[in-house]
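Data from target-v4.cif: mmCIF, C-alpha atoms
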```
data_query
#
loop_
_atom_site.label_atom_id
_atom_site.label_comp_id
_atom_site.auth_asym_id
_atom_site.auth_seq_id
_atom_site.Cartn_x
_atom_site.Cartn_y
_atom_site.Cartn_z
CA MET A 1 -75.91 3.23 81.50
CA ALA A 2 -74.20 3.56 84.85
CA GLU A 3 -74.08 7.26 84.82
CA LEU A 4 -75.83 9.52 87.26
CA ASP A 5 -77.48 12.64 86.16
CA THR A 6 -75.16 15.37 87.30
CA SER A 7 -76.75 18.23 85.48
CA SER A 8 -78.18 20.85 87.74
CA GLY A 9 -81.73 20.20 86.75
CA GLY A 10 -83.71 23.23 85.86
CA GLY A 11 -85.02 23.49 82.41
CA LYS A 12 -86.39 26.94 82.82
CA ASP A 13 -84.25 28.05 80.01
CA LYS A 14 -86.59 28.29 77.17
CA LYS A 15 -83.98 29.28 74.63
CA VAL A 16 -83.61 26.81 71.87
CA ARG A 17 -80.05 25.57 71.93
CA SER A 18 -78.29 23.33 69.53
CA LYS A 19 -78.22 20.05 71.36
CA LYS A 20 -74.75 18.92 72.28
CA ALA A 21 -74.47 15.23 71.84
CA ASN A 22 -72.50 13.45 74.52
CA THR A 23 -69.21 12.37 72.99
CA LYS A 24 -68.39 9.86 75.71
CA VAL A 25 -68.78 6.29 74.63
CA ASP A 26 -69.34 3.64 77.22
CA LEU A 27 -66.26 1.44 76.88
CA THR A 28 -67.13 -1.04 79.61
CA ALA A 29 -68.45 -3.69 77.30
CA MET A 30 -65.51 -3.32 74.97
CA VAL A 31 -63.02 -3.73 77.81
CA ASP A 32 -64.92 -6.75 79.05
CA LEU A 33 -64.70 -8.38 75.69
CA ALA A 34 -61.04 -7.54 75.29
CA PHE A 35 -60.14 -9.09 78.61
CA LEU A 36 -62.17 -12.17 77.84
CA LEU A 37 -60.21 -12.64 74.64
CA ILE A 38 -56.91 -11.97 76.42
CA THR A 39 -57.69 -14.66 78.94
CA PHE A 40 -58.59 -17.06 76.17
CA PHE A 41 -55.40 -16.48 74.24
CA MET A 42 -53.23 -16.60 77.34
CA LEU A 43 -54.64 -19.94 78.37
CA THR A 44 -54.61 -21.55 74.97
CA THR A 45 -51.05 -20.55 74.13
CA SER A 46 -49.57 -22.19 77.20
CA LEU A 47 -51.90 -25.14 77.55
CA SER A 48 -52.17 -26.44 74.04
CA LYS A 49 -48.50 -27.26 73.90
CA PRO A 50 -48.20 -31.00 73.72
CA ILE A 51 -45.84 -32.93 75.88
CA ALA A 52 -43.14 -35.29 74.73
CA MET A 53 -42.51 -38.62 76.30
CA ASP A 54 -39.05 -39.85 75.44
CA ILE A 55 -38.81 -43.52 74.62
CA ALA A 56 -35.70 -45.52 73.98
CA LYS A 57 -35.99 -48.96 72.45
CA PRO A 58 -33.29 -51.58 72.21
CA ASP A 59 -31.42 -51.69 68.95
CA GLN A 60 -32.84 -54.37 66.69
CA GLU A 61 -29.77 -55.19 64.66
CA ASP A 62 -27.23 -55.10 67.41
CA ASN A 63 -27.96 -58.45 68.96
CA ASP A 64 -24.57 -58.92 70.58
CA VAL A 65 -25.23 -56.44 73.33
CA LYS A 66 -27.16 -58.24 75.99
CA MET A 67 -27.73 -57.38 79.55
CA GLU A 68 -28.39 -60.06 82.09
CA LEU A 69 -31.23 -59.19 84.41
CA ARG A 70 -31.56 -60.78 87.79
CA ALA A 71 -34.80 -62.69 87.93
CA SER A 72 -35.57 -61.62 91.46
CA GLU A 73 -35.32 -57.95 90.54
CA THR A 74 -37.30 -58.03 87.36
CA MET A 75 -40.95 -57.30 87.00
CA THR A 76 -42.45 -58.13 83.66
CA ILE A 77 -45.60 -56.37 82.59
CA LEU A 78 -47.54 -57.81 79.67
CA LEU A 79 -50.05 -55.56 78.00
CA GLY A 80 -53.11 -57.43 76.86
CA LYS A 81 -56.44 -56.59 75.34
CA ASN A 82 -59.47 -55.04 77.07
CA ASN A 83 -57.18 -52.61 78.90
CA LYS A 84 -55.78 -55.33 81.11
CA VAL A 85 -52.23 -56.12 82.08
CA ALA A 86 -50.59 -59.23 83.43
CA TRP A 87 -47.50 -58.93 85.57
CA TYR A 88 -45.17 -61.30 87.31
CA MET A 89 -41.92 -61.15 89.16
CA GLY A 90 -38.93 -63.18 88.12
CA VAL A 91 -38.98 -65.94 85.55
CA ALA A 92 -41.98 -66.68 83.37
CA GLY A 93 -43.81 -69.85 84.27
CA GLU A 94 -42.52 -70.02 87.80
CA SER A 95 -44.99 -67.64 89.30
CA ALA A 96 -48.49 -67.18 88.00
CA PRO A 97 -49.05 -63.73 86.49
CA ASN A 98 -51.47 -61.41 88.19
CA ILE A 99 -54.05 -59.93 85.90
CA GLU A 100 -55.00 -56.39 86.72
CA GLY A 101 -56.56 -53.28 85.31
CA PHE A 102 -54.68 -50.06 84.79
CA SER A 103 -55.99 -48.56 88.01
CA ASP A 104 -54.28 -51.17 90.19
CA ILE A 105 -50.98 -51.53 88.42
CA ARG A 106 -49.50 -48.50 90.11
CA LYS A 107 -49.97 -50.05 93.53
CA SER A 108 -48.41 -53.29 92.37
CA ILE A 109 -45.37 -51.54 90.93
CA LEU A 110 -44.89 -49.55 94.12
CA LYS A 111 -45.31 -52.61 96.30
CA ASN A 112 -42.78 -54.63 94.34
CA LYS A 113 -40.39 -51.72 94.29
CA ASN A 114 -40.57 -51.19 98.03
CA ASP A 115 -40.41 -54.91 98.87
CA LEU A 116 -37.32 -55.35 96.79
CA TYR A 117 -35.67 -52.27 98.22
CA LYS A 118 -36.34 -53.38 101.78
CA ALA A 119 -35.20 -56.94 101.22
CA LYS A 120 -32.11 -56.33 99.15
CA GLY A 121 -31.61 -52.61 98.73
CA ARG A 122 -31.74 -53.00 94.96
CA LEU A 123 -33.76 -51.14 92.37
CA LEU A 124 -36.59 -52.78 90.50
CA ILE A 125 -36.19 -53.33 86.78
CA ILE A 126 -39.28 -53.37 84.65
CA VAL A 127 -39.73 -55.15 81.34
CA VAL A 128 -42.71 -54.01 79.32
CA LYS A 129 -44.07 -56.40 76.73
CA PRO A 130 -46.90 -55.03 74.63
CA THR A 131 -48.79 -57.75 72.80
CA ASP A 132 -50.95 -57.48 69.72
CA GLY A 133 -54.12 -56.93 71.70
CA ALA A 134 -52.87 -53.79 73.41
CA THR A 135 -53.70 -50.32 72.21
CA TYR A 136 -51.32 -47.43 71.88
CA LYS A 137 -52.94 -45.77 74.88
CA ASN A 138 -52.13 -48.79 77.08
CA PHE A 139 -48.50 -48.46 76.15
CA VAL A 140 -48.39 -44.75 76.91
CA ASP A 141 -50.24 -45.36 80.18
CA ILE A 142 -47.82 -47.97 81.38
CA MET A 143 -44.81 -45.82 80.54
CA ASP A 144 -46.50 -43.05 82.44
CA GLU A 145 -47.10 -45.27 85.46
CA ILE A 146 -43.44 -46.22 85.47
CA ASN A 147 -42.58 -42.55 85.48
CA ILE A 148 -45.06 -41.78 88.26
CA THR A 149 -43.82 -44.57 90.49
CA GLY A 150 -40.32 -43.20 90.15
CA ILE A 151 -38.63 -46.20 88.60
CA LYS A 152 -35.30 -44.74 87.64
CA THR A 153 -33.86 -47.71 85.81
CA ALA A 154 -34.71 -47.52 82.14
CA PRO A 155 -37.62 -49.83 81.35
CA ALA A 156 -36.90 -52.47 78.74
CA ILE A 157 -39.49 -52.49 75.98
CA ASP A 158 -39.71 -55.84 74.33
CA ASP A 159 -42.41 -56.55 71.78
CA VAL A 160 -40.62 -59.33 69.96
CA PHE A 161 -39.91 -62.08 72.45
CA ILE A 162 -43.08 -63.09 74.15
CA THR A 163 -42.55 -66.56 75.53
CA ASP A 164 -44.99 -69.43 75.31
CA ASP A 165 -45.41 -69.45 79.07
CA GLU A 166 -46.46 -65.83 78.95
CA LYS A 167 -48.82 -66.43 76.08
CA ALA A 168 -50.41 -69.36 77.89
CA ALA A 169 -50.87 -67.33 81.05
CA MET A 170 -52.43 -64.49 79.13
CA LYS A 171 -54.73 -66.84 77.26
CA ALA A 172 -55.80 -68.31 80.59
CA GLY A 173 -56.59 -64.84 81.83
CA GLY A 174 -58.53 -64.09 78.68
CA ILE A 175 -56.50 -61.08 77.67
CA LEU A 176 -54.71 -62.38 74.59
CA MET B 1 -76.00 24.16 111.75
CA ALA B 2 -75.67 23.91 108.07
CA ARG B 3 -75.88 20.48 106.75
CA ALA B 4 -72.72 19.32 104.98
CA LYS B 5 -73.43 19.30 101.33
CA VAL B 6 -72.65 16.03 99.64
CA GLN B 7 -70.89 16.69 96.43
CA ARG B 8 -72.29 14.79 93.55
CA LYS B 9 -69.53 13.31 91.47
CA SER B 10 -69.66 11.54 88.20
CA THR B 11 -69.32 7.79 88.62
CA SER B 12 -68.15 7.08 85.12
CA ILE B 13 -64.46 6.41 84.80
CA ASP B 14 -62.44 7.07 81.75
CA MET B 15 -62.01 3.66 80.22
CA THR B 16 -59.91 4.75 77.26
CA ALA B 17 -56.54 3.92 78.77
CA MET B 18 -57.70 0.59 80.06
CA CYS B 19 -59.15 -0.24 76.70
CA ASP B 20 -55.91 0.69 75.01
CA VAL B 21 -53.85 -1.52 77.27
CA SER B 22 -56.16 -4.47 77.00
CA PHE B 23 -56.21 -4.35 73.24
CA LEU B 24 -52.45 -4.04 73.15
CA LEU B 25 -52.19 -7.21 75.20
CA LEU B 26 -54.81 -8.88 73.07
CA THR B 27 -52.87 -8.10 69.91
CA PHE B 28 -49.72 -9.42 71.49
CA PHE B 29 -51.29 -12.71 72.47
CA ILE B 30 -52.98 -13.18 69.13
CA LEU B 31 -49.73 -12.63 67.31
CA THR B 32 -47.64 -14.84 69.55
CA ALA B 33 -50.16 -17.66 69.50
CA THR B 34 -48.90 -20.04 66.88
CA ALA B 35 -51.69 -20.66 64.47
CA ARG B 36 -52.32 -24.34 64.84
CA GLN B 37 -52.98 -25.98 61.56
CA PRO B 38 -55.82 -28.41 61.69
CA ASP B 39 -54.67 -31.98 61.47
CA PRO B 40 -55.95 -33.70 58.40
CA LEU B 41 -55.77 -36.98 60.26
CA GLU B 42 -57.82 -36.76 63.41
CA VAL B 43 -55.82 -38.18 66.24
CA LYS B 44 -56.90 -38.33 69.85
CA ILE B 45 -53.64 -38.37 71.76
CA PRO B 46 -53.42 -40.08 75.14
CA SER B 47 -52.51 -38.10 78.22
CA SER B 48 -49.52 -38.47 80.48
CA THR B 49 -47.90 -36.78 83.44
CA TYR B 50 -44.61 -36.10 81.71
CA LYS B 51 -43.41 -32.54 81.80
CA ILE B 52 -41.08 -32.24 78.83
CA LYS B 53 -42.37 -29.84 76.23
CA VAL B 54 -42.19 -30.74 72.58
CA PRO B 55 -39.51 -28.64 70.90
CA ASP B 56 -40.52 -26.45 67.97
CA LEU B 57 -37.55 -27.00 65.73
CA ASP B 58 -35.93 -29.79 63.77
CA MET B 59 -38.75 -32.24 64.19
CA GLY B 60 -40.60 -34.79 62.21
CA ILE B 61 -44.02 -35.73 63.48
CA LEU B 62 -45.63 -39.00 62.51
CA SER B 63 -49.35 -39.17 63.08
CA ILE B 64 -50.74 -42.66 63.31
CA GLY B 65 -54.44 -43.30 63.31
CA LYS B 66 -56.97 -45.57 61.62
CA GLY B 67 -54.10 -47.58 60.18
CA LYS B 68 -52.81 -44.60 58.23
CA VAL B 69 -49.65 -42.62 58.63
CA PHE B 70 -49.27 -38.92 58.03
CA TYR B 71 -46.00 -37.09 58.21
CA GLU B 72 -45.27 -33.53 59.15
CA ILE B 73 -41.92 -31.87 58.78
CA VAL B 74 -41.42 -28.82 60.96
CA GLY B 75 -39.79 -25.78 59.39
CA SER B 76 -40.37 -24.45 55.89
CA ASP B 77 -36.72 -24.57 54.82
CA ILE B 78 -36.51 -28.23 55.80
CA LYS B 79 -39.73 -28.96 53.94
CA LYS B 80 -38.38 -27.37 50.78
CA ALA B 81 -35.10 -29.24 50.95
CA THR B 82 -36.81 -32.52 51.67
CA LEU B 83 -39.24 -32.15 48.80
CA ILE B 84 -36.43 -31.46 46.34
CA LYS B 85 -34.54 -34.50 47.60
CA MET B 86 -37.64 -36.69 47.35
CA GLY B 87 -38.21 -35.42 43.81
CA GLU B 88 -34.72 -36.47 42.81
CA LYS B 89 -35.23 -39.85 44.40
CA TYR B 90 -38.50 -40.62 42.64
CA ASN B 91 -37.73 -38.74 39.40
CA ILE B 92 -40.40 -36.13 39.89
CA THR B 93 -39.54 -32.51 39.20
CA PHE B 94 -41.41 -30.05 41.33
CA THR B 95 -41.87 -26.53 40.00
CA PRO B 96 -40.74 -23.62 42.20
CA GLU B 97 -44.36 -22.80 42.87
CA GLU B 98 -45.10 -26.29 44.05
CA ILE B 99 -42.09 -26.22 46.32
CA LYS B 100 -43.21 -22.90 47.74
CA ARG B 101 -46.71 -24.18 48.41
CA PHE B 102 -45.41 -27.34 49.98
CA SER B 103 -43.25 -25.33 52.37
CA VAL B 104 -46.31 -23.98 54.15
CA LEU B 105 -48.26 -27.22 54.24
CA GLY B 106 -48.89 -29.00 57.50
CA SER B 107 -48.99 -32.72 57.76
CA PHE B 108 -49.63 -34.73 54.64
CA GLY B 109 -50.45 -38.32 53.89
CA VAL B 110 -50.42 -39.00 50.18
CA PRO B 111 -48.30 -41.31 48.06
CA ILE B 112 -45.54 -39.42 46.29
CA GLY B 113 -47.18 -39.96 42.91
CA ASN B 114 -50.21 -37.94 44.00
CA LEU B 115 -48.24 -35.27 45.79
CA LYS B 116 -48.24 -32.79 42.91
CA GLU B 117 -52.00 -32.98 42.69
CA PHE B 118 -52.31 -32.64 46.46
CA ILE B 119 -50.09 -29.57 46.63
CA MET B 120 -52.14 -27.69 44.07
CA LEU B 121 -55.41 -28.26 45.89
CA THR B 122 -56.70 -25.53 48.16
CA GLY B 123 -58.36 -25.36 51.53
CA GLU B 124 -61.36 -27.59 51.86
CA ALA B 125 -60.59 -29.70 48.84
CA ARG B 126 -57.26 -30.59 50.40
CA ASP B 127 -58.90 -31.58 53.66
CA LYS B 128 -61.29 -33.82 51.79
CA TYR B 129 -58.48 -35.32 49.79
CA SER B 130 -56.53 -36.03 52.97
CA LYS B 131 -59.47 -37.76 54.57
CA ALA B 132 -59.87 -40.06 51.59
CA SER B 133 -56.19 -40.70 51.04
CA PRO B 134 -54.55 -43.88 52.29
CA GLY B 135 -51.67 -42.16 54.06
CA ILE B 136 -48.03 -42.51 53.17
CA PRO B 137 -47.23 -46.01 51.92
CA ALA B 138 -45.08 -47.75 54.50
CA ASP B 139 -44.97 -51.39 53.50
CA SER B 140 -41.76 -53.18 52.76
CA THR B 141 -42.11 -53.14 48.97
CA ASN B 142 -42.90 -49.46 48.68
CA ASN B 143 -41.56 -47.79 51.76
CA GLN B 144 -42.00 -44.12 51.00
CA LEU B 145 -42.28 -43.25 54.65
CA ALA B 146 -38.77 -44.47 55.33
CA GLU B 147 -37.58 -42.37 52.39
CA TRP B 148 -39.36 -39.26 53.67
CA LEU B 149 -37.81 -39.78 57.08
CA MET B 150 -34.37 -40.32 55.67
CA GLN B 151 -34.47 -37.28 53.38
CA SER B 152 -35.83 -34.98 56.06
CA ARG B 153 -33.14 -36.16 58.45
CA HIS B 154 -30.51 -35.42 55.82
CA SER B 155 -32.02 -31.98 55.26
CA VAL B 156 -31.99 -31.14 58.95
CA ALA B 157 -28.42 -32.31 59.26
CA GLU B 158 -27.33 -30.22 56.29
CA LEU B 159 -29.24 -27.04 57.05
CA HIS B 160 -29.22 -26.92 60.82
CA GLN B 161 -26.31 -29.17 61.74
CA THR B 162 -28.32 -31.04 64.32
CA GLN B 163 -30.14 -34.34 64.54
CA MET B 164 -33.77 -34.43 63.71
CA ARG B 165 -36.05 -35.57 66.48
CA VAL B 166 -38.79 -37.93 65.55
CA SER B 167 -42.06 -37.74 67.39
CA VAL B 168 -44.92 -40.15 67.20
CA LYS B 169 -48.44 -38.92 67.61
CA GLY B 170 -50.61 -41.95 67.91
CA ASP B 171 -54.33 -42.31 68.33
CA SER B 172 -55.33 -43.66 71.75
CA GLU B 173 -57.39 -46.44 70.25
CA GLU B 174 -54.81 -47.49 67.72
CA GLU B 175 -53.79 -51.12 68.01
CA TYR B 176 -50.25 -51.63 69.18
CA PRO B 177 -49.12 -53.64 66.10
CA ALA B 178 -49.89 -50.67 63.83
CA VAL B 179 -47.68 -48.47 65.98
CA LYS B 180 -45.04 -51.17 66.16
CA LYS B 181 -44.87 -51.33 62.37
CA ILE B 182 -43.98 -47.64 62.22
CA ILE B 183 -41.54 -47.88 65.11
CA ASP B 184 -39.82 -50.76 63.33
CA ILE B 185 -39.30 -48.49 60.33
CA LEU B 186 -37.71 -45.94 62.65
CA GLN B 187 -35.51 -48.57 64.22
CA LYS B 188 -34.36 -49.79 60.81
CA GLN B 189 -32.85 -46.34 60.41
CA LYS B 190 -31.22 -46.60 63.81
CA ILE B 191 -33.64 -44.18 65.41
CA ASN B 192 -33.90 -45.94 68.73
CA LYS B 193 -34.82 -42.88 70.69
CA PHE B 194 -37.95 -40.96 69.88
CA SER B 195 -40.71 -39.12 71.64
CA LEU B 196 -44.35 -39.92 71.97
CA ILE B 197 -46.55 -36.87 71.93
CA THR B 198 -49.11 -36.79 74.70
CA SER B 199 -51.35 -34.18 76.19
CA ALA B 200 -50.97 -32.89 79.71
CA GLU B 201 -52.97 -34.78 82.27
CA GLY B 202 -55.13 -32.66 84.50
CA GLY B 203 -56.14 -33.21 88.09
CA GLN B 204 -53.17 -35.19 89.25
#
```
With the file now loaded, output its structure as structure tokens.
Amino acid sequence: MAELDTSSGGGKDKKVRSKKANTKVDLTAMVDLAFLLITFFMLTTSLSKPIAMDIAKPDQEDNDVKMELRASETMTILLGKNNKVAWYMGVAGESAPNIEGFSDIRKSILKNKNDLYKAKGRLLIIVVKPTDGATYKNFVDIMDEINITGIKTAPAIDDVFITDDEKAAMKAGGIL
Amino acid sequence: MARAKVQRKSTSIDMTAMCDVSFLLLTFFILTATARQPDPLEVKIPSSTYKIKVPDLDMGILSIGKGKVFYEIVGSDIKKATLIKMGEKYNITFTPEEIKRFSVLGSFGVPIGNLKEFIMLTGEARDKYSKASPGIPADSTNNQLAEWLMQSRHSVAELHQTQMRVSVKGDSEEEYPAVKKIIDILQKQKINKFSLITSAEGGQ
């Protein structure tokens, strides 16, 4: 292959010699292959490791422990069908929920968070309410958005108490 | 003036050492790579930007997809102990061979009555069986899933003196109520903290 002829030419020697076969094997291809496989194994071992998202849900049997949330500091996010969410600040029914897709929810969370911090210096609390129309991916996505936006207060996950006001608003938006 | 004679040198390098090293590394990576067992239940996990890696020990992984639940216990000693406990619970005696074979199985999703049959299957037949099987029964009248969880948690506590972590591996398209049903079973056992398994999100 990539080998120059370094023999001193000639060929005048007419004597019949036993031909010496070259014992050198070209290893280039073999090394290429080996490195390709090394790269593959290196990448797959570190990348295929799945990632855990820790979730804490409120205890179902322990109903005595209740935490009062201030309405002005609470943002409720309802997960509906067709990959849509509805969110509102404060008390259900008082303000009309905004219906958004998953691409816009991050902006809304950040805006609410910053507004609240500027006005009162308090941290935003998020209540996530997945409804029956939501998929598992929606739920993971919203938890991820909360993580991305740096909400440090633990989000409350509530899939039991979805009020009539919320249901009506979601029906009106066509996502329930 | 005599012209300087250019010495002709061989351009071929000795690749032997390089080859040796690369194959050594290759062997190392192949051996350290944990052979991933194919999931009998195909689950497309959603992605997230979380950074916490899933631990390798003392885990129970619940795969949820297409309305079925499969369970995987991590660690062969835990699997053995759990199977023996489940056998006692449901009055099924597993032979030592069955226990041994079960200890190397990945995730499974068969009712306990069919478990013996499932263990003795091999390779492709087992995959086929898994695809056709209804998963682990998890309704309120016959809640084998809760029993599996409970026994594996006991086994982890006895053998490793730690708490078992429960992870949920759900399909992206799975409806939330199906996931909620499983999570409710967890919460009945006072497992209020668990992890959702996601894949790393690229390009963020």
task = Quote the spacing between CA of Lys169 in chain B and CA of Leu115 in chain B in Å to one decimal place.
result =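 Separation between CA of Lys169 in chain B and CA of Leu115 in chain B: 22.1 Å.
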task = Pull out every residue that the PyMOL selection byres ((chain B) within 8 of (chain A)) matches in the shown coordinates and put them as a PyMOL selection string.
result = chain B and resi 8-12+15-16+18-19+22-23+25-26+29-30+33-34+46-54+167+170-177+179+187-188+190+192-200
request  = Can you work out the spacing between CA of Ala71 in chain A and CA of Ile125 in chain A in Å, to one decimal?
outcome  =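 Between CA of Ala71 in chain A and CA of Ile125 in chain A the gap is 9.5 Å.
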Here's the selection I'm unsure about, the PyMOL selection byres ((chain B and resi 156) around 10); applied to the file above, which residues does it give, as a short mmCIF file (atom, residue, chain, number, x, y, z; two decimals) with C-alpha atoms, in the frame of the given file?
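Writing done, so here's selection.cif:
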```cif
data_model
loop_
_atom_site.label_atom_id
_atom_site.label_comp_id
_atom_site.auth_asym_id
_atom_site.auth_seq_id
_atom_site.Cartn_x
_atom_site.Cartn_y
_atom_site.Cartn_z
CA LEU B 57 -37.55 -27.00 65.73
CA ASP B 58 -35.93 -29.79 63.77
CA MET B 59 -38.75 -32.24 64.19
CA GLY B 60 -40.60 -34.79 62.21
CA ILE B 73 -41.92 -31.87 58.78
CA VAL B 74 -41.42 -28.82 60.96
CA GLY B 75 -39.79 -25.78 59.39
CA ASP B 77 -36.72 -24.57 54.82
CA ILE B 78 -36.51 -28.23 55.80
CA LYS B 79 -39.73 -28.96 53.94
CA ALA B 81 -35.10 -29.24 50.95
CA THR B 82 -36.81 -32.52 51.67
CA GLN B 151 -34.47 -37.28 53.38
CA SER B 152 -35.83 -34.98 56.06
CA ARG B 153 -33.14 -36.16 58.45
CA HIS B 154 -30.51 -35.42 55.82
CA SER B 155 -32.02 -31.98 55.26
CA ALA B 157 -28.42 -32.31 59.26
CA GLU B 158 -27.33 -30.22 56.29
CA LEU B 159 -29.24 -27.04 57.05
CA HIS B 160 -29.22 -26.92 60.82
CA GLN B 161 -26.31 -29.17 61.74
CA THR B 162 -28.32 -31.04 64.32
CA GLN B 163 -30.14 -34.34 64.54
CA MET B 164 -33.77 -34.43 63.71
CA ARG B 165 -36.05 -35.57 66.48
#
```
inquiry  = Using the chain letters and numbers from this file, what does the PyMOL selection byres ((chain A and resi 109) around 9) select? Give the answer as a list of chain:residue names.
reply    =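 So the PyMOL selection byres ((chain A and resi 109) around 9) ends up selecting A:Met75, A:Asp104, A:Ile105, A:Arg106, A:Lys107, A:Ser108, A:Leu110, A:Lys111, A:Asn112, A:Lys113, A:Asn114, A:Leu124, A:Ile126, A:Glu145, A:Ile146, A:Thr149, A:Ile151.
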How would the residues just picked look written out with C-alpha atoms as a CSV table (one decimal), in the coordinates of the input?
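Ended up saving to out-v8.csv:
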```csv
chain,number,residue,atom,x,y,z
A,75,MET,CA,-41.0,-57.3,87.0
A,104,ASP,CA,-54.3,-51.2,90.2
A,105,ILE,CA,-51.0,-51.5,88.4
A,106,ARG,CA,-49.5,-48.5,90.1
A,107,LYS,CA,-50.0,-50.0,93.5
A,108,SER,CA,-48.4,-53.3,92.4
A,110,LEU,CA,-44.9,-49.6,94.1
A,111,LYS,CA,-45.3,-52.6,96.3
A,112,ASN,CA,-42.8,-54.6,94.3
A,113,LYS,CA,-40.4,-51.7,94.3
A,114,ASN,CA,-40.6,-51.2,98.0
A,124,LEU,CA,-36.6,-52.8,90.5
A,126,ILE,CA,-39.3,-53.4,84.6
A,145,GLU,CA,-47.1,-45.3,85.5
A,146,ILE,CA,-43.4,-46.2,85.5
A,149,THR,CA,-43.8,-44.6,90.5
A,151,ILE,CA,-38.6,-46.2,88.6
```
request  = Using CA of Gln189 in chain B and CA of Lys66 in chain B as the two end points, give the distance in Å to one decimal.
outcome  =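 Distance reported for this atom pair: 24.2 Å.
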